[in-house]
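Okay, query-v8.txt now, which holds compact mmCIF, C-alpha atoms and all ligand atoms:
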# COMPACT_ATOMS: atom_id res chain seq x y z
CA MET X 1 -43.27 4.27 65.27
CA SER X 2 -41.16 3.12 62.33
CA ASP X 3 -43.21 -0.10 62.12
CA ASP X 4 -46.02 1.90 60.55
CA PHE X 5 -43.69 3.66 58.18
CA ILE X 6 -42.06 1.81 55.36
CA LEU X 7 -40.13 4.91 54.35
CA GLN X 8 -38.93 7.99 56.20
CA VAL X 9 -37.08 10.79 54.45
CA ASN X 10 -35.52 13.29 56.83
CA ASP X 11 -34.16 16.64 55.61
CA LEU X 12 -32.79 15.19 52.38
CA HIS X 13 -30.42 17.40 50.39
CA LYS X 14 -28.69 16.54 47.13
CA LEU X 15 -26.32 19.01 45.53
CA TYR X 16 -24.46 18.58 42.29
CA PRO X 17 -21.46 20.68 41.25
CA VAL X 18 -22.00 22.72 38.10
CA ALA X 19 -19.44 22.24 35.35
CA ARG X 20 -17.30 25.40 35.46
CA GLY X 21 -15.83 25.41 31.99
CA LEU X 22 -12.27 26.42 31.16
CA THR X 23 -12.62 30.17 31.71
CA GLY X 24 -14.26 29.60 35.07
CA MET X 25 -11.44 27.31 36.10
CA LEU X 26 -8.77 29.74 34.94
CA ARG X 27 -10.43 32.59 36.78
CA GLY X 28 -10.61 30.38 39.86
CA ALA X 29 -14.34 31.03 40.04
CA GLU X 30 -16.04 29.44 43.02
CA ARG X 31 -17.72 26.18 42.17
CA GLU X 32 -21.49 26.65 41.96
CA MET X 33 -23.89 23.94 43.07
CA VAL X 34 -27.25 22.75 41.75
CA HIS X 35 -29.61 22.26 44.68
CA ALA X 36 -31.52 19.39 43.09
CA VAL X 37 -33.13 18.43 46.41
CA ASP X 38 -33.03 21.08 49.11
CA GLY X 39 -34.54 19.83 52.38
CA VAL X 40 -37.17 17.19 51.65
CA SER X 41 -38.90 15.42 54.56
CA PHE X 42 -41.82 13.01 54.46
CA ALA X 43 -42.90 9.60 55.69
CA MET X 44 -44.82 6.86 53.90
CA ARG X 45 -47.09 4.39 55.62
CA ARG X 46 -46.95 0.75 54.65
CA GLY X 47 -49.42 -0.29 51.97
CA LYS X 48 -50.19 3.28 50.90
CA ILE X 49 -49.71 5.15 47.64
CA LEU X 50 -47.99 8.52 47.87
CA GLY X 51 -47.83 10.83 44.87
CA LEU X 52 -44.78 13.05 44.49
CA VAL X 53 -45.99 15.73 42.11
CA GLY X 54 -44.10 18.64 40.60
CA GLU X 55 -42.96 20.44 37.47
CA SER X 56 -39.94 19.33 35.49
CA GLY X 57 -36.73 20.02 37.43
CA SER X 58 -38.40 20.18 40.86
CA GLY X 59 -36.25 17.29 42.15
CA LYS X 60 -38.58 14.28 41.95
CA THR X 61 -36.22 11.83 40.25
CA THR X 62 -33.29 12.96 42.39
CA THR X 63 -35.39 12.22 45.49
CA ALA X 64 -36.19 8.76 44.06
CA MET X 65 -32.51 8.01 43.30
CA ASN X 66 -31.62 8.84 46.91
CA ILE X 67 -34.44 6.66 48.25
CA LEU X 68 -33.28 3.72 46.15
CA GLY X 69 -29.73 4.21 47.39
CA LEU X 70 -28.45 4.84 43.87
CA VAL X 71 -26.88 8.16 44.89
CA GLU X 72 -25.67 9.34 48.27
CA PRO X 73 -27.43 12.23 50.01
CA SER X 74 -25.37 15.40 50.51
CA LYS X 75 -27.19 15.75 53.83
CA GLY X 76 -30.07 14.09 55.65
CA GLU X 77 -31.09 10.45 55.84
CA ILE X 78 -33.51 7.92 54.41
CA ARG X 79 -34.88 5.06 56.47
CA PHE X 80 -36.45 1.98 54.91
CA ASN X 81 -38.23 -0.20 57.47
CA GLY X 82 -36.36 1.82 60.07
CA GLN X 83 -32.93 1.07 58.58
CA ASP X 84 -30.63 3.70 57.14
CA VAL X 85 -30.53 3.15 53.36
CA GLN X 86 -26.87 4.18 53.10
CA ASP X 87 -25.96 1.61 55.79
CA MET X 88 -27.89 -0.98 53.80
CA VAL X 89 -26.11 -0.04 50.56
CA ARG X 90 -22.69 -0.36 52.19
CA GLY X 91 -23.40 -3.44 54.29
CA ARG X 92 -24.74 -6.96 54.20
CA ASN X 93 -28.29 -5.79 53.49
CA ARG X 94 -27.42 -4.43 50.06
CA LEU X 95 -29.09 -7.26 48.17
CA ALA X 96 -32.12 -7.17 50.47
CA LEU X 97 -32.52 -3.48 49.65
CA ARG X 98 -32.19 -4.19 45.91
CA ARG X 99 -34.91 -6.81 46.25
CA GLN X 100 -37.34 -5.05 48.57
CA MET X 101 -37.37 -1.72 46.71
CA GLN X 102 -38.10 -1.84 43.00
CA MET X 103 -38.12 0.93 40.44
CA ILE X 104 -40.46 1.22 37.49
CA PHE X 105 -39.16 3.55 34.86
CA GLN X 106 -40.91 5.84 32.46
CA ASP X 107 -39.88 4.14 29.27
CA PRO X 108 -40.83 0.46 28.87
CA TYR X 109 -39.07 0.45 25.50
CA GLU X 110 -35.68 1.26 26.99
CA ALA X 111 -36.11 -0.85 30.12
CA LEU X 112 -36.36 -4.15 28.24
CA ASN X 113 -33.52 -5.89 26.44
CA PRO X 114 -34.83 -6.46 22.89
CA ARG X 115 -32.73 -9.63 22.51
CA GLN X 116 -34.21 -11.41 25.53
CA THR X 117 -37.48 -13.32 25.64
CA ILE X 118 -40.10 -12.27 28.18
CA PHE X 119 -39.22 -15.38 30.20
CA GLN X 120 -35.52 -14.46 30.26
CA ILE X 121 -36.31 -10.85 31.21
CA VAL X 122 -38.52 -11.75 34.17
CA ALA X 123 -36.32 -14.69 35.29
CA GLU X 124 -33.11 -12.65 35.33
CA PRO X 125 -33.70 -10.87 38.67
CA LEU X 126 -34.42 -14.24 40.29
CA GLU X 127 -31.07 -15.53 39.07
CA VAL X 128 -29.17 -12.40 40.11
CA HIS X 129 -30.58 -12.73 43.63
CA GLY X 130 -30.15 -16.52 43.72
CA LEU X 131 -33.78 -17.02 44.67
CA VAL X 132 -34.64 -20.21 42.81
CA ARG X 133 -33.30 -23.72 43.23
CA ASN X 134 -34.42 -25.31 39.97
CA LYS X 135 -36.00 -24.69 36.58
CA ALA X 136 -39.51 -25.64 37.66
CA GLU X 137 -39.46 -23.15 40.52
CA LYS X 138 -38.12 -20.46 38.21
CA LEU X 139 -40.87 -21.06 35.67
CA GLU X 140 -43.53 -21.04 38.34
CA ARG X 141 -42.38 -17.72 39.80
CA VAL X 142 -42.10 -16.11 36.35
CA GLU X 143 -45.59 -17.30 35.42
CA THR X 144 -47.06 -16.02 38.67
CA ALA X 145 -45.42 -12.61 38.17
CA LEU X 146 -46.67 -12.33 34.57
CA SER X 147 -50.14 -13.33 35.61
CA ASP X 148 -50.15 -10.86 38.54
CA ALA X 149 -49.08 -8.18 36.06
CA GLY X 150 -52.12 -9.03 33.92
CA LEU X 151 -50.32 -10.95 31.16
CA LYS X 152 -52.62 -13.95 30.95
CA PRO X 153 -52.27 -16.74 30.25
CA PRO X 154 -48.55 -16.31 30.99
CA GLY X 155 -47.65 -19.22 28.71
CA ASN X 156 -48.63 -17.04 25.74
CA PHE X 157 -45.91 -14.52 26.57
CA LEU X 158 -42.90 -16.54 27.74
CA ASN X 159 -41.23 -17.03 24.36
CA ARG X 160 -42.11 -13.70 22.84
CA TYR X 161 -39.81 -10.69 22.49
CA PRO X 162 -40.48 -7.10 23.62
CA GLU X 163 -40.99 -5.98 20.00
CA ASP X 164 -43.97 -8.38 19.73
CA LEU X 165 -45.80 -6.50 22.50
CA SER X 166 -47.74 -3.24 22.77
CA GLY X 167 -46.51 -0.38 24.98
CA GLY X 168 -48.96 -1.30 27.74
CA GLN X 169 -47.94 -4.96 27.63
CA ARG X 170 -44.28 -3.98 27.79
CA GLN X 171 -44.90 -1.90 30.90
CA ARG X 172 -46.66 -4.95 32.37
CA VAL X 173 -43.49 -6.99 31.68
CA VAL X 174 -41.47 -4.32 33.51
CA ILE X 175 -43.92 -4.59 36.41
CA ALA X 176 -43.65 -8.40 36.35
CA GLY X 177 -39.85 -8.08 36.52
CA ALA X 178 -40.26 -6.03 39.70
CA LEU X 179 -43.00 -8.24 41.21
CA VAL X 180 -41.03 -11.43 40.77
CA LEU X 181 -38.76 -10.27 43.62
CA GLN X 182 -41.78 -9.74 45.93
CA PRO X 183 -40.86 -6.12 46.75
CA GLN X 184 -42.29 -4.06 49.62
CA LEU X 185 -41.91 -0.69 47.92
CA LEU X 186 -42.33 0.28 44.28
CA VAL X 187 -40.88 3.58 43.14
CA ALA X 188 -42.67 4.39 39.91
CA ASP X 189 -41.20 7.41 38.10
CA GLU X 190 -43.71 8.60 35.47
CA PRO X 191 -44.71 4.97 34.77
CA VAL X 192 -47.48 5.89 32.34
CA SER X 193 -46.42 9.16 30.75
CA MET X 194 -44.98 7.46 27.63
CA LEU X 195 -48.04 5.25 27.19
CA ASP X 196 -51.11 5.87 25.14
CA VAL X 197 -53.65 7.94 27.10
CA SER X 198 -56.24 5.16 26.71
CA ILE X 199 -54.15 2.62 28.64
CA ARG X 200 -52.76 4.85 31.40
CA ALA X 201 -55.65 4.20 33.76
CA GLU X 202 -55.37 0.47 33.10
CA ILE X 203 -51.76 0.37 34.26
CA LEU X 204 -52.44 2.58 37.29
CA ASN X 205 -55.40 0.37 38.22
CA LEU X 206 -53.14 -2.66 37.97
CA LEU X 207 -50.64 -1.02 40.35
CA ARG X 208 -53.41 -0.17 42.80
CA GLN X 209 -54.68 -3.73 42.64
CA LEU X 210 -51.16 -4.98 43.46
CA ARG X 211 -51.12 -2.67 46.44
CA ASP X 212 -54.43 -4.19 47.59
CA THR X 213 -53.48 -7.84 47.02
CA HIS X 214 -49.75 -7.76 47.89
CA ASN X 215 -49.72 -4.83 50.35
CA ILE X 216 -47.03 -3.13 48.25
CA SER X 217 -46.37 0.53 49.05
CA ILE X 218 -46.03 2.77 46.02
CA LEU X 219 -44.26 6.07 45.52
CA TYR X 220 -45.81 7.49 42.36
CA ILE X 221 -43.75 10.24 40.75
CA THR X 222 -45.45 12.46 38.20
CA HIS X 223 -45.94 15.96 36.87
CA ASP X 224 -49.60 15.10 36.34
CA LEU X 225 -51.91 16.11 39.20
CA ALA X 226 -54.92 14.58 37.45
CA THR X 227 -53.62 10.98 37.54
CA ALA X 228 -52.15 11.52 41.02
CA GLY X 229 -55.62 12.69 42.07
CA PHE X 230 -57.34 9.44 41.28
CA PHE X 231 -54.50 7.01 42.01
CA THR X 232 -52.93 8.11 45.31
CA ASP X 233 -53.82 8.15 49.02
CA ARG X 234 -51.59 11.13 49.78
CA ILE X 235 -50.01 13.82 47.65
CA ALA X 236 -46.76 15.70 48.19
CA VAL X 237 -46.29 18.73 45.93
CA MET X 238 -42.69 19.60 45.09
CA TYR X 239 -41.35 22.97 44.04
CA LEU X 240 -37.68 23.77 43.48
CA GLY X 241 -36.22 20.96 45.57
CA ARG X 242 -38.73 21.06 48.45
CA ILE X 243 -42.12 19.66 49.30
CA VAL X 244 -44.36 22.70 49.66
CA GLU X 245 -47.57 20.87 50.55
CA ILE X 246 -48.43 17.37 51.74
CA GLY X 247 -51.72 15.81 52.78
CA PRO X 248 -54.47 13.30 52.04
CA THR X 249 -55.26 13.39 48.33
CA THR X 250 -58.91 14.43 48.72
CA ASP X 251 -57.98 17.25 51.14
CA VAL X 252 -55.21 18.57 48.93
CA LEU X 253 -57.49 18.54 45.88
CA LYS X 254 -60.54 20.05 47.61
CA ASN X 255 -58.78 22.39 49.97
CA PRO X 256 -55.30 23.20 48.66
CA LYS X 257 -53.40 25.44 51.08
CA HIS X 258 -50.27 26.47 49.23
CA PRO X 259 -50.59 29.12 46.47
CA TYR X 260 -48.46 26.90 44.20
CA THR X 261 -50.79 23.92 44.64
CA LYS X 262 -53.76 26.22 44.01
CA ALA X 263 -52.19 27.39 40.76
CA LEU X 264 -51.43 23.83 39.62
CA LEU X 265 -54.96 22.72 40.41
CA SER X 266 -56.55 25.65 38.66
CA VAL X 267 -55.37 24.32 35.28
CA VAL X 268 -56.37 20.66 35.84
CA PRO X 269 -59.45 19.90 33.73
CA VAL X 270 -62.54 18.99 35.75
CA ALA X 271 -65.60 17.12 34.52
CA ASN X 272 -68.16 19.51 36.00
CA PRO X 273 -67.67 23.01 34.51
CA ARG X 274 -69.48 24.63 37.46
CA LYS X 275 -66.76 23.32 39.75
CA ARG X 276 -64.03 24.80 37.58
CA ARG X 277 -61.63 26.97 39.51
CA GLN X 278 -60.52 30.33 38.28
CA ARG X 279 -57.31 29.80 36.34
CA VAL X 280 -54.19 31.07 38.05
CA ILE X 281 -51.47 31.68 35.52
CA LEU X 282 -48.08 31.78 37.22
CA GLN X 283 -45.63 34.43 36.11
CA GLY X 284 -42.20 33.31 34.93
CA GLU X 285 -40.46 29.97 34.87
CA ILE X 286 -39.41 27.73 37.73
CA PRO X 287 -36.13 29.41 38.84
CA ASN X 288 -32.72 27.87 38.30
CA PRO X 289 -31.86 25.57 41.24
CA ILE X 290 -28.34 27.01 41.33
CA HIS X 291 -29.71 30.26 42.77
CA ILE X 292 -32.69 29.49 44.99
CA PRO X 293 -34.62 32.67 45.86
CA GLN X 294 -34.15 34.01 49.40
CA GLY X 295 -37.03 33.78 51.82
CA CYS X 296 -39.90 31.74 50.43
CA ARG X 297 -38.53 30.07 47.30
CA PHE X 298 -41.88 30.57 45.57
CA HIS X 299 -42.08 34.32 46.21
CA PRO X 300 -40.97 35.58 42.76
CA ARG X 301 -43.97 33.78 41.22
CA CYS X 302 -46.49 33.80 44.04
CA PRO X 303 -49.82 35.59 43.39
CA ALA X 304 -50.29 36.06 47.17
CA VAL X 305 -46.78 37.36 47.95
CA ILE X 306 -46.31 39.93 50.74
CA GLU X 307 -43.14 41.73 51.83
CA THR X 308 -42.31 39.23 54.62
CA CYS X 309 -42.14 36.39 52.08
CA LYS X 310 -38.87 37.80 50.77
CA THR X 311 -37.09 37.13 54.06
CA ILE X 312 -38.84 34.23 55.80
CA ASP X 313 -38.32 30.68 54.53
CA PRO X 314 -41.54 28.90 55.56
CA MET X 315 -41.18 25.30 56.67
CA LEU X 316 -43.48 22.35 56.14
CA GLN X 317 -44.70 20.41 59.16
CA PRO X 318 -44.38 16.93 57.64
CA THR X 319 -45.81 15.22 60.73
CA GLN X 320 -49.13 17.05 60.35
CA GLU X 321 -51.88 15.34 58.39
CA HIS X 322 -52.09 18.24 55.92
CA SER X 323 -49.42 20.91 55.88
CA ALA X 324 -48.17 23.66 53.57
CA ALA X 325 -44.94 25.64 53.64
CA CYS X 326 -46.44 29.14 53.45
CA ILE X 327 -46.47 31.92 56.05
CA LEU X 328 -50.08 32.78 55.22
CA VAL X 329 -51.26 29.27 56.01
CA LYS X 330 -49.54 29.39 59.38
CA THR X 331 -51.22 32.69 60.23
CA GLN X 332 -54.64 31.32 59.31
CA GLU X 333 -54.17 28.35 61.59
CA GLY X 334 -52.93 30.58 64.42
N1 LIG X 401 -26.46 14.44 37.95
C1 LIG X 401 -26.83 15.71 37.94
N2 LIG X 401 -25.91 16.71 37.79
C2 LIG X 401 -26.28 18.00 37.79
N3 LIG X 401 -27.55 18.43 37.91
C3 LIG X 401 -28.50 17.51 38.06
C4 LIG X 401 -28.20 16.10 38.07
N4 LIG X 401 -29.39 15.42 38.23
C5 LIG X 401 -30.36 16.35 38.31
N5 LIG X 401 -29.83 17.60 38.21
C6 LIG X 401 -30.59 18.86 38.25
O1 LIG X 401 -31.36 18.85 39.44
C7 LIG X 401 -32.65 19.39 39.23
C8 LIG X 401 -33.71 18.36 39.60
O2 LIG X 401 -33.67 17.31 38.65
P1 LIG X 401 -34.65 16.05 38.68
O3 LIG X 401 -34.26 15.17 37.56
O4 LIG X 401 -34.64 15.46 40.04
O5 LIG X 401 -36.06 16.72 38.43
P2 LIG X 401 -37.48 16.05 38.09
O6 LIG X 401 -38.45 16.68 39.04
O7 LIG X 401 -37.35 14.57 38.11
O8 LIG X 401 -37.78 16.58 36.63
P3 LIG X 401 -38.54 15.85 35.40
O9 LIG X 401 -40.01 16.02 35.65
O10 LIG X 401 -38.08 16.64 34.21
O11 LIG X 401 -38.11 14.42 35.36
C9 LIG X 401 -32.69 19.82 37.76
O12 LIG X 401 -32.37 21.18 37.70
C10 LIG X 401 -31.60 18.99 37.14
O13 LIG X 401 -31.04 19.64 36.02
S1 LIG X 402 -44.90 32.35 51.94
FE1 LIG X 402 -45.54 34.09 50.71
S2 LIG X 402 -44.56 33.81 48.72
FE2 LIG X 402 -44.47 31.87 49.81
S3 LIG X 402 -46.25 30.78 49.14
FE3 LIG X 402 -46.86 31.82 51.01
S4 LIG X 402 -47.70 33.77 50.33
FE4 LIG X 402 -46.59 32.91 48.59
MG MG X 403 -37.67 13.09 36.65

Starting from the coordinates I provided, produce the structure as structure tokens.
Amino acid sequence: MSDDFILQVNDLHKLYPVARGLTGMLRGAEREMVHAVDGVSFAMRRGKILGLVGESGSGKTTTAMNILGLVEPSKGEIRFNGQDVQDMVRGRNRLALRRQMQMIFQDPYEALNPRQTIFQIVAEPLEVHGLVRNKAEKLERVETALSDAGLKPPGNFLNRYPEDLSGGQRQRVVIAGALVLQPQLLVADEPVSMLDVSIRAEILNLLRQLRDTHNISILYITHDLATAGFFTDRIAVMYLGRIVEIGPTTDVLKNPKHPYTKALLSVVPVANPRKRRQRVILQGEIPNPIHIPQGCRFHPRCPAVIETCKTIDPMLQPTQEHSAACILVKTQEG
């Protein structure tokens, strides 16, 4: 089974202690916890693009940090090519993990050292991982990575500095720095949200092309359902530390099951005004993840709430093709 799946996340939890402050400490108040990720399960097939979509604070980046092995889960496990990521981090496969999974950050301005040339930036990971034997090999791999990232001809970029480049070009350098290690999985956390709207599609198209040519799997993290809609194969919608709906992108967009997904979709602009959904305006803010509501965590804001929702915590069926964590959906399906 795990051959098909590059990534499996099973019941992931990540809690952080809340700073108590002096009075809290003196009063001996019990330490409260932030439930940043509160029971996330999903699997990703090799060579596919999965979108992890949710509002700010829903736990997307925390999920990514756990997947990359940069923080340790409070509970649950992550398997990469069938291997436990925490075992990899602690054992001999640590460098393999750091090579095979690459992260693309939101801000291409911060990710690049302004004092290094583009050549130095893209060559550095090769040196860290001891992957090249001589200068010629290093140059060849850097040029290939730049060219695959759409910076052509690569010779025009090698001796330039990040400040000489546009935002889109800088993000391409970041992508080249990941590609040079020939990764299997890219975790891209809001990779285009800081870029000019006009070049967002360009960068996403580049990533999709890399998936097609290099069979790279991509976890695309965003708050933007519109870009996730055209870029991904599957979408997982997160709310307050959980995935509340997961399914093939076209199904989720055409036939959303969870009231939260319906509300999110109702405010996404569509080209054809006749297809416009009635806007669902959600009441209130996303609750504080220190105190997760009892029962269905979405119930204080849900337009379809019934009494039972206050006591039953509906679970997702992550193995189903399209599933939503809502008691009404379960009833409909019998
Ligand atoms: N190191 C930490 N210590 C304490 N709380 C944290 C920590 N990291 C994240 N959190 C909290 O966990 C919750 C989830 O945060 P996370 O950064 O994963 O959300 P996100 O979905 O990536 O949001 P955004 O869209 O704003 O990037 C938030 O309430 C956040 O404040
Ligand atoms: S379980 Fe109830 S509150 Fe939760 S999403 Fe479904 S209808 Fe809404
Ligand atoms: Mg984030």

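The gap separating atom CA of His291 of chain X from atom O6 of ligand LIG 401 (chain X) is 16.6 Å, in Å to one decimal.
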
### Query
To one decimal place, how far is atom CA of Ile118 of chain X from atom CA of Lys135 of chain X in Å?
15.5 Å

Report the closest atom pair, with its distance in Å rounded to one decimal, for each residue of chain X that has an atom no farther than 7 Å from ligand LIG 402 (chain X); count all atoms listed in the file, sort by chain and then rising residue number, and write it as a Markdown table.
| residue | atom | partner | partner_atom | distance |
| --- | --- | --- | --- | --- |
| X:His258 | CA | X:LIG402 | S3 | 5.9 |
| X:Pro259 | CA | X:LIG402 | S3 | 5.4 |
| X:Tyr260 | CA | X:LIG402 | S3 | 6.7 |
| X:Cys296 | CA | X:LIG402 | FE2 | 4.6 |
| X:Arg297 | CA | X:LIG402 | FE2 | 6.7 |
| X:Phe298 | CA | X:LIG402 | FE2 | 5.1 |
| X:His299 | CA | X:LIG402 | S2 | 3.6 |
| X:Cys302 | CA | X:LIG402 | FE4 | 4.6 |
| X:Pro303 | CA | X:LIG402 | FE4 | 6.7 |
| X:Ala304 | CA | X:LIG402 | S4 | 4.7 |
| X:Val305 | CA | X:LIG402 | S2 | 4.3 |
| X:Ile306 | CA | X:LIG402 | FE1 | 5.9 |
| X:Cys309 | CA | X:LIG402 | FE1 | 4.3 |
| X:Pro314 | CA | X:LIG402 | S1 | 6.0 |
| X:Ala325 | CA | X:LIG402 | S1 | 6.9 |
| X:Cys326 | CA | X:LIG402 | FE3 | 3.6 |
| X:Ile327 | CA | X:LIG402 | S1 | 4.4 |
| X:Leu328 | CA | X:LIG402 | FE3 | 5.4 |

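Residues within 9 Å of Asp189 of chain X, counting only C-alpha atoms and excluding same-chain residues fewer than 5 positions away, are Lys60, Thr61, Ala64, Met103, Ile104, Phe105, Gln106, Leu219, Tyr220, Ile221 and Thr222 of chain X.
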
Next, the residues of the selection above should be written as a PDB file, in the frame of the given file with C-alpha atoms.
ATOM      1  CA  LYS X  60     -38.580  14.280  41.950  1.00  0.00           C
ATOM      2  CA  THR X  61     -36.220  11.830  40.250  1.00  0.00           C
ATOM      3  CA  ALA X  64     -36.190   8.760  44.060  1.00  0.00           C
ATOM      4  CA  MET X 103     -38.120   0.930  40.440  1.00  0.00           C
ATOM      5  CA  ILE X 104     -40.460   1.220  37.490  1.00  0.00           C
ATOM      6  CA  PHE X 105     -39.160   3.550  34.860  1.00  0.00           C
ATOM      7  CA  GLN X 106     -40.910   5.840  32.460  1.00  0.00           C
ATOM      8  CA  LEU X 219     -44.260   6.070  45.520  1.00  0.00           C
ATOM      9  CA  TYR X 220     -45.810   7.490  42.360  1.00  0.00           C
ATOM     10  CA  ILE X 221     -43.750  10.240  40.750  1.00  0.00           C
ATOM     11  CA  THR X 222     -45.450  12.460  38.200  1.00  0.00           C
TER      12      THR X 222
END

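For the pair atom CA of Asp313 of chain X and atom CA of Val40 of chain X, the interatomic distance is 13.8 Å.
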
Determine, for each residue of chain X having at least one atom at most 6 Å from an atom of ligand LIG 401 (chain X), the closest pair of atoms and their separation in Å to one decimal, counting only C-alpha atoms and all ligand atoms; order by chain and ascending number, as CSV.
residue,atom,partner,partner_atom,distance
X:Tyr16,CA,X:LIG401,C2,4.9
X:Val34,CA,X:LIG401,N3,5.8
X:Ala36,CA,X:LIG401,O1,3.7
X:Glu55,CA,X:LIG401,O9,5.6
X:Ser56,CA,X:LIG401,O9,3.3
X:Gly57,CA,X:LIG401,O5,3.5
X:Ser58,CA,X:LIG401,O6,3.9
X:Gly59,CA,X:LIG401,O4,3.2
X:Lys60,CA,X:LIG401,O6,3.8
X:Thr61,CA,X:LIG401,O7,3.7
X:Thr62,CA,X:LIG401,O4,3.7
X:Pro289,CA,X:LIG401,O12,5.7

Once 6 Å is added on each side, what centre and edge lengths in Å to one decimal does the axis-aligned box around all listed atoms of segment 261-268 of chain X have, as lines of an AutoDock Vina configuration file?
center_x = -53.7
center_y = 24.0
center_z = 40.0
size_x = 17.8
size_y = 18.7
size_z = 21.4
